[in-house]
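Enquirer: Before we start, here is the structure in question, set down as structure tokens.
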2 protein chains.
Amino acid sequence: MAFPEFGHAFKSQYFSLLDPEVTLVNHGSFGTTPTCVVEKQKQLCEDAERYPDKYLTDEVEVLYKRQIRLLADYLKLDWRNLALVTNATVGVNTVLRSIPWNFSKDKVLIHSTGYEACGNTVKFLSEYFNLQYDVIDLTYPIEDEKVLEAFEDKLSTGEYRLCLFDMISSMPGVQLPYQDLIKLCQKYNTLSLLDGAHAAGQVDLQFLDELQPDFMTTNLHKWLSVPKSCALLYVNRKHHATIQTMPISWNFSAEACRAIENPQTVAEIEHNDLLMHNKFFFVGTISYSTYLCIEEALKFRQSICGGEERIRRYQWELQDAAVKAVTLALGSGSRLLQNSTNTLTTPGLFNVSLPLDAKYLSAQQKLSTDFHRFRRFKARCDVLTRSKKAYAPFYFHGDELWIRFSAQIFNEVEDYVLAAKIVKAIIYENLDEELRSEL
Amino acid sequence: MAFPEFGHAFKSQYFSLLDPEVTLVNHGSFGTTPTCVVEKQKQLCEDAERYPDKYLTDEVEVLYKRQIRLLADYLKLDWRNLALVTNATVGVNTVLRSIPWNFSKDKVLIHSTGYEACGNTVKFLSEYFNLQYDVIDLTYPIEDEKVLEAFEDKLSTGEYRLCLFDMISSMPGVQLPYQDLIKLCQKYNTLSLLDGAHAAGQVDLQFLDELQPDFMTTNLHKWLSVPKSCALLYVNRKHHATIQTMPISWNFSAEACRAIENPQTVAEIEHNDLLMHNKFFFVGTISYSTYLCIEEALKFRQSICGGEERIRRYQWELQDAAVKAVTLALGSGSRLLQNSTNTLTTPGLFNVSLPLDAKYLSAQQKLSTDFHRFRRFKARCDVLTRSKKAYAPFYFHGDELWIRFSAQIFNEVEDYVLAAKIVKAIIYENLDEELRSEL
């Protein structure tokens with residue numbers, strides 16, 4: 001069976017809602033949704049209104065369960081460990097805020113490149129309730145073994161109840177050795193919470209049932225073609241009873257929280273199997289119009305795109321060509337953010353450095369050390385790149401300026417060249433402005 | 001200017017998505033959305049996909065702010081105290097889970113007729129972190145002064161840090177003397193958290209800025225014509241710095257949390273004025289397709305319906321006629337759930353008793369004392385009433401069986417007669433079944 005070619009023609013046909021004038025090379029921030037899936041979403045907005053009593057009481061449970069089962073099949077995971085939440089930050093919050101912390105002694109481990117919203121959740125628990133935490137500093141490019149050493153140094157102290165780490169960080173957009181990190185957590189008896197915001201639709205997730213970390217969450221609206229916003233929460237079986245929905249809702253009760261020890265009868269086994277389902281399928285009146293698009297999104301990825309393998313193959317090939325073209329466009333000294341084992345990049349994310357002239361050194365130093373100055377600078381640049389319709393996020397990291405690009409099935413190499421030139425020109429203009437303001 | 005008549009013709013024209021075969025007399029559980037507002041929602045699903053970078057970074061903040069301002073104007077409230085959340089349970093959770101509790105001594109007061117999901121949040125905090133709580137038992141019908149006495153008995157002990165109470169309870173669907181309850185909380189130095197799930201679109205909310213309770217939340221998808229799900233969170237100015245979004249997100253920082261004491265400059269005053277806005281407008285990637293329908297919903301209520309006054313007048317008149325017809329249909333002894341000052345009913349909600357034959361006494365006793373038995377019984381009945389397309393919720397309360405009805409602008413008196421007869425017949429059939437199972 002022949003599947004349609006990916007690229008610009010594919011974009012016009014299957015992502016027809018995207019502004020055709022926009023060069024979209026930042027899929028990573030918010031995801032993009034195929035038109036057929038948005039059509040389904042619109043239909044679901046109407047479905048909710050026909051007979052709200054019946055829809056929300058009888059129908060959505062069945063439909064929710066169907067999405068979970070289809071997703072479990074597609075990702076090759078045990079459905080009993082899965083629940084839907086709004087986004088990965090909600091997933092991380094759901095876990096962090098339903099662990100019965102002993103605030104007088106518990107300590108959490110995070111890393112400096114972790115997603116800010118999730119790190120903030122730890123900081124909130126620290127500021128409001130005195131949960132302790134440490135931060136591992138990571139500077140890229142870095143070898144996986146160095147990442148693991150840094151985590152083991154801390155974990156081996158035995159001080160930590162939980163370790164929160166990214167599977168694929170946002171900024172820099174790089175992959176962490178998450179499977180080995182799970183094993184390290186297990187070795188040192190520390191709960192593992194994986195922020196896989198960028199995971200589903202980029203990397204395989206079967207490791208979850210094999211390695212059995214404690215918790216993982218992954219957006220489905222980012223790389224898996226579901227509309228904003230929809231995410232998956234994986235909870236290890238041993239925590240099904242403990243983890244509660246956010247908000248706490250109807251389904252919270254001592255009974256619903258409790259798993260039956262040594263279940264014997266079919267009913268007892270089913271009670272345990274359904275703990276996650278019974279808690280999460282209805283957490284108050286919400287719109288199910290994104291959750292119930294999962295089926296259509298998976299159909300798109302299988303029937304139209306030809307499956308995850310074919311998608312990733314296109315992304316890798318495109319990324320290879322794009323890196324060559326972008327480093328050329330960004331000028332001598334520009335390089336891909338990569339380590340010696342080539343494990344930092346993922347099919348959809350790569351970071352390329354923009355080398356700066358020596359004359360910008362003082363401005364660069366101020367920007368990379370003064371967070372507020374950088375934020376104002378970045379905001380000015382970003383408004384301009386968005387108005388030029390070729391936005392890609394940039395950041396200072398390890399004394400260099402990096403631009404993060406996303407590779408998606410509707411992109412072609414020329415997208416990256418165009419975006420790289422626009423972003424470079426705008427950054428230079430604004431650096432010149434910084435220099436002038438220093439005079 | 002002549003506005004269209006309310007009733008069945010209005011329903012066909014403005015609520016055309018509702019299944020015409022359904023007699024919808026349970027607006028109270030989930031709300032209903034006018035077709036023009038759903039059309040807007042569908043448009044918004046598409047808008048989010050044109051240029052996600054620009055939409056979620058530049059545009060939604062402006063659009064969110066616009067909804068808040070329009071809503072503040074419409075409800076005659078200070079916009080600075082307002083934020084949007086998904087539903088009232090999320091509103092209650094947002095407050096209860098960002099108060100920096102002293103778990104070793106803080107105590108919360110709730111009431112037995114409060115919304116179960118919100119009561120569960122208190123119970124969760126108790127079970128997981130040892131927050132203490134007491135429950136005031138309320139049995140209806142009850143005089144407002146008795147409600148106030150019951151609360152004052154407890155509050156006057158000075159034991160409570162916070163009191164959570166409904167403005168309009170769900171089951172029974174009755175109004176509490178919430179303005180006096182706020183004053184009682186203030187008298188005894190207790191934080192007041194009002195669950196106004198059923199408030200916006202039924203009762204005026206100006207009392208918020210006059211009495212200045214600590215916190216209030218109200219669904220907008222229930223009675224204010226916004227699609228599921230969307231709610232308002234009111235936070236008293238003195239708590240703007242403390243209350244954090246749920247999930248905790250990008251916008252949590254020591255800086256964002258802190259209000260400037262004695263603000264002098266325009267920038268300082270603006271910083272304080274914008275605390276709620278800056279925290280709540282973006283709490284991670286979400287669909288704004290319900291929040292951004294507020295403008296269209298208010299336009300519908302003003303331009304098509306003729307405003308809140310006209311809506312409520314229809315509801316009250318309809319309710320008066322419906323109570324007469326329903327009590328007649330339910331049989332001798334049937335009565336409206338009301339107190340001597342007629343303050344229990346609201347424009348949209350009324351409860352009528354279904355008198356049961358003496359032969360059902362034993363079954364009734366079992367059902368009203370055995371929660372699980374009642375839940376199974378109710379589930380059986382409810383599936384049947386929904387399949388007969390005339391659902392209204394019923395419950396045992398104070399030794400009587402009550403049916404809750406909702407009065408909405410698309411209803412006519414015959415809807416209630418039809419629904420009452422169907423619900424009555426199904427309850428009787430299932431009570432007979434209970435009797436047979438006892439033999």
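A note on labels: chains of the structure tokens are A, B, ... as shown, every chain counts residues from 1, and ligands are counted from 1 in their shown order.
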Kindly provide, as a ChimeraX atom specification, the residues of chain B having any atom no farther than 8 Å from an atom of chain A, counting only C-alpha atoms.
Expert: /B:17-19,22,24,26,29-33,38,41-42,45-46,49-54,86-87,89-90,93,98-101,116-118,120-121,124,128-129,228-229,246-253,284-287,386,391
Enquirer: Residues near region 363-378 of chain B, anyone? I mean within 12 Å using only C-alpha atoms, not counting same-chain ones fewer than 5 positions away, as a PyMOL selection string.
Expert: (chain A and resi 255) or (chain B and resi 354-358+383-386+391-403+423+426-439)
Enquirer: By how many Å are CA of Val62 (chain B) and CA of Gln302 (chain B) apart?
Expert: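 Result for CA of Val62 (chain B) versus CA of Gln302 (chain B): 22.9 Å, one decimal.
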Enquirer: I want to know what sits within 9 Å of Ser192 (chain A), based on only C-alpha atoms, with residues of the same chain fewer than 5 positions away left out; could you give that as a PDB file with C-alpha atoms, in the first residue's frame?
Expert:
```pdb
ATOM      1  CA  ARG A 161      12.041  10.030  48.051  1.00  0.00           C
ATOM      2  CA  LEU A 162      11.381  10.985  44.417  1.00  0.00           C
ATOM      3  CA  CYS A 163      13.368  11.976  41.351  1.00  0.00           C
ATOM      4  CA  LEU A 164      11.659  14.010  38.612  1.00  0.00           C
ATOM      5  CA  PHE A 165      13.439  13.989  35.257  1.00  0.00           C
ATOM      6  CA  LEU A 181      17.846   6.857  35.047  1.00  0.00           C
ATOM      7  CA  ILE A 182      14.881   4.640  35.932  1.00  0.00           C
ATOM      8  CA  CYS A 185      16.207   5.346  40.852  1.00  0.00           C
ATOM      9  CA  GLN A 186      15.293   1.715  41.431  1.00  0.00           C
ATOM     10  CA  PRO A 213       9.162   3.170  36.641  1.00  0.00           C
ATOM     11  CA  ASP A 214       6.791   4.688  39.168  1.00  0.00           C
ATOM     12  CA  PHE A 215       5.188   7.460  37.104  1.00  0.00           C
ATOM     13  CA  MET A 216       5.364   8.877  33.591  1.00  0.00           C
TER      14      MET A 216
END
```
Enquirer: Looking only at helix (DSSP H, G or I) from DSSP on the backbone, list the matching residues of region 215-287 of chain A as a ChimeraX atom specification.
Expert: /A:237-239,254-257,266-273,275-280
Enquirer: Please measure the separation of CA of Thr245 (chain A) and CA of Thr217 (chain A), giving the value in Å to one decimal.
Expert: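 Distance reported for this atom pair: 13.6 Å.
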Enquirer: Give me the residues within 12 Å of Gly306 (chain B) as JSON, numbers by chain, counting only C-alpha atoms and dropping any in the same chain fewer than 3 places off.
Expert: {"B": [1, 2, 3, 4, 5, 6, 298, 299, 300, 301, 302, 303, 309, 310, 311, 312, 313, 314, 409]}
Enquirer: From a DSSP pass on the backbone, collect the residues of region 50-226 of chain A flagged as strand (DSSP E) and hand them back as a ChimeraX atom specification.
Expert: /A:82-85,107-111,132-136,162-166,191-195,215-219
Enquirer: Export, as a PDB file, in the first residue's frame, the selected residues with N, CA and C atoms.
Expert:
```pdb
ATOM      1  N   LEU A  82      -3.003   3.301  32.732  1.00  0.00           N
ATOM      2  CA  LEU A  82      -3.089   4.547  31.966  1.00  0.00           C
ATOM      3  C   LEU A  82      -4.325   5.378  32.315  1.00  0.00           C
ATOM      4  N   ALA A  83      -4.142   6.693  32.277  1.00  0.00           N
ATOM      5  CA  ALA A  83      -5.267   7.626  32.445  1.00  0.00           C
ATOM      6  C   ALA A  83      -5.019   8.823  31.554  1.00  0.00           C
ATOM      7  N   LEU A  84      -6.082   9.545  31.228  1.00  0.00           N
ATOM      8  CA  LEU A  84      -5.928  10.768  30.441  1.00  0.00           C
ATOM      9  C   LEU A  84      -5.983  11.986  31.360  1.00  0.00           C
ATOM     10  N   VAL A  85      -5.109  12.941  31.090  1.00  0.00           N
ATOM     11  CA  VAL A  85      -5.114  14.224  31.806  1.00  0.00           C
ATOM     12  C   VAL A  85      -4.933  15.317  30.744  1.00  0.00           C
ATOM     13  N   LYS A 107      12.483  14.594  50.454  1.00  0.00           N
ATOM     14  CA  LYS A 107      13.315  15.396  49.576  1.00  0.00           C
ATOM     15  C   LYS A 107      13.161  14.895  48.139  1.00  0.00           C
ATOM     16  N   VAL A 108      13.171  15.825  47.205  1.00  0.00           N
ATOM     17  CA  VAL A 108      12.964  15.513  45.792  1.00  0.00           C
ATOM     18  C   VAL A 108      14.201  15.947  45.010  1.00  0.00           C
ATOM     19  N   LEU A 109      14.511  15.197  43.951  1.00  0.00           N
ATOM     20  CA  LEU A 109      15.649  15.542  43.103  1.00  0.00           C
ATOM     21  C   LEU A 109      15.142  15.951  41.714  1.00  0.00           C
ATOM     22  N   ILE A 110      15.579  17.116  41.230  1.00  0.00           N
ATOM     23  CA  ILE A 110      15.231  17.562  39.878  1.00  0.00           C
ATOM     24  C   ILE A 110      16.515  17.983  39.161  1.00  0.00           C
ATOM     25  N   HIS A 111      16.405  18.356  37.878  1.00  0.00           N
ATOM     26  CA  HIS A 111      17.607  18.821  37.166  1.00  0.00           C
ATOM     27  C   HIS A 111      17.359  20.189  36.534  1.00  0.00           C
ATOM     28  N   GLN A 132      11.611  19.442  50.671  1.00  0.00           N
ATOM     29  CA  GLN A 132      12.987  19.780  50.317  1.00  0.00           C
ATOM     30  C   GLN A 132      13.304  19.300  48.902  1.00  0.00           C
ATOM     31  N   TYR A 133      14.217  19.991  48.233  1.00  0.00           N
ATOM     32  CA  TYR A 133      14.623  19.514  46.911  1.00  0.00           C
ATOM     33  C   TYR A 133      16.044  19.939  46.580  1.00  0.00           C
ATOM     34  N   ASP A 134      16.684  19.170  45.698  1.00  0.00           N
ATOM     35  CA  ASP A 134      17.986  19.525  45.154  1.00  0.00           C
ATOM     36  C   ASP A 134      17.884  19.554  43.643  1.00  0.00           C
ATOM     37  N   VAL A 135      18.767  20.354  43.039  1.00  0.00           N
ATOM     38  CA  VAL A 135      18.778  20.497  41.586  1.00  0.00           C
ATOM     39  C   VAL A 135      20.140  20.056  41.045  1.00  0.00           C
ATOM     40  N   ILE A 136      20.115  19.122  40.107  1.00  0.00           N
ATOM     41  CA  ILE A 136      21.349  18.721  39.419  1.00  0.00           C
ATOM     42  C   ILE A 136      21.559  19.663  38.238  1.00  0.00           C
ATOM     43  N   LEU A 162      11.817  10.990  45.817  1.00  0.00           N
ATOM     44  CA  LEU A 162      11.381  10.985  44.417  1.00  0.00           C
ATOM     45  C   LEU A 162      12.366  11.761  43.558  1.00  0.00           C
ATOM     46  N   CYS A 163      12.536  11.276  42.336  1.00  0.00           N
ATOM     47  CA  CYS A 163      13.368  11.976  41.351  1.00  0.00           C
ATOM     48  C   CYS A 163      12.510  12.280  40.129  1.00  0.00           C
ATOM     49  N   LEU A 164      12.427  13.559  39.781  1.00  0.00           N
ATOM     50  CA  LEU A 164      11.659  14.010  38.612  1.00  0.00           C
ATOM     51  C   LEU A 164      12.642  14.341  37.502  1.00  0.00           C
ATOM     52  N   PHE A 165      12.535  13.664  36.375  1.00  0.00           N
ATOM     53  CA  PHE A 165      13.439  13.989  35.257  1.00  0.00           C
ATOM     54  C   PHE A 165      12.719  13.907  33.921  1.00  0.00           C
ATOM     55  N   ASP A 166      13.216  14.701  32.988  1.00  0.00           N
ATOM     56  CA  ASP A 166      12.657  14.716  31.639  1.00  0.00           C
ATOM     57  C   ASP A 166      13.110  13.494  30.854  1.00  0.00           C
ATOM     58  N   LEU A 191      11.524   6.951  44.144  1.00  0.00           N
ATOM     59  CA  LEU A 191      10.431   6.972  43.176  1.00  0.00           C
ATOM     60  C   LEU A 191      10.869   7.734  41.920  1.00  0.00           C
ATOM     61  N   SER A 192      10.531   7.187  40.753  1.00  0.00           N
ATOM     62  CA  SER A 192      10.887   7.861  39.499  1.00  0.00           C
ATOM     63  C   SER A 192       9.643   8.456  38.862  1.00  0.00           C
ATOM     64  N   LEU A 193       9.733   9.751  38.546  1.00  0.00           N
ATOM     65  CA  LEU A 193       8.639  10.448  37.855  1.00  0.00           C
ATOM     66  C   LEU A 193       9.217  11.012  36.567  1.00  0.00           C
ATOM     67  N   LEU A 194       8.805  10.432  35.430  1.00  0.00           N
ATOM     68  CA  LEU A 194       9.344  10.833  34.124  1.00  0.00           C
ATOM     69  C   LEU A 194       8.433  11.855  33.469  1.00  0.00           C
ATOM     70  N   ASP A 195       8.985  13.020  33.186  1.00  0.00           N
ATOM     71  CA  ASP A 195       8.244  13.997  32.402  1.00  0.00           C
ATOM     72  C   ASP A 195       8.531  13.713  30.938  1.00  0.00           C
ATOM     73  N   PHE A 215       6.156   6.572  37.766  1.00  0.00           N
ATOM     74  CA  PHE A 215       5.188   7.460  37.104  1.00  0.00           C
ATOM     75  C   PHE A 215       5.790   8.015  35.815  1.00  0.00           C
ATOM     76  N   MET A 216       4.933   8.209  34.824  1.00  0.00           N
ATOM     77  CA  MET A 216       5.364   8.877  33.591  1.00  0.00           C
ATOM     78  C   MET A 216       4.167   9.616  33.023  1.00  0.00           C
ATOM     79  N   THR A 217       4.431  10.747  32.428  1.00  0.00           N
ATOM     80  CA  THR A 217       3.347  11.444  31.743  1.00  0.00           C
ATOM     81  C   THR A 217       3.864  11.933  30.411  1.00  0.00           C
ATOM     82  N   THR A 218       2.998  11.930  29.404  1.00  0.00           N
ATOM     83  CA  THR A 218       3.409  12.382  28.077  1.00  0.00           C
ATOM     84  C   THR A 218       2.252  13.075  27.374  1.00  0.00           C
ATOM     85  N   ASN A 219       2.541  14.217  26.779  1.00  0.00           N
ATOM     86  CA  ASN A 219       1.512  14.886  25.982  1.00  0.00           C
ATOM     87  C   ASN A 219       1.142  14.041  24.774  1.00  0.00           C
TER      88      ASN A 219
END
```
Enquirer: To one decimal place in Å, what is the distance between CA of Val413 (chain A) and CA of Asn342 (chain A)?
Expert: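 Here the two named atoms are 20.9 Å from each other.
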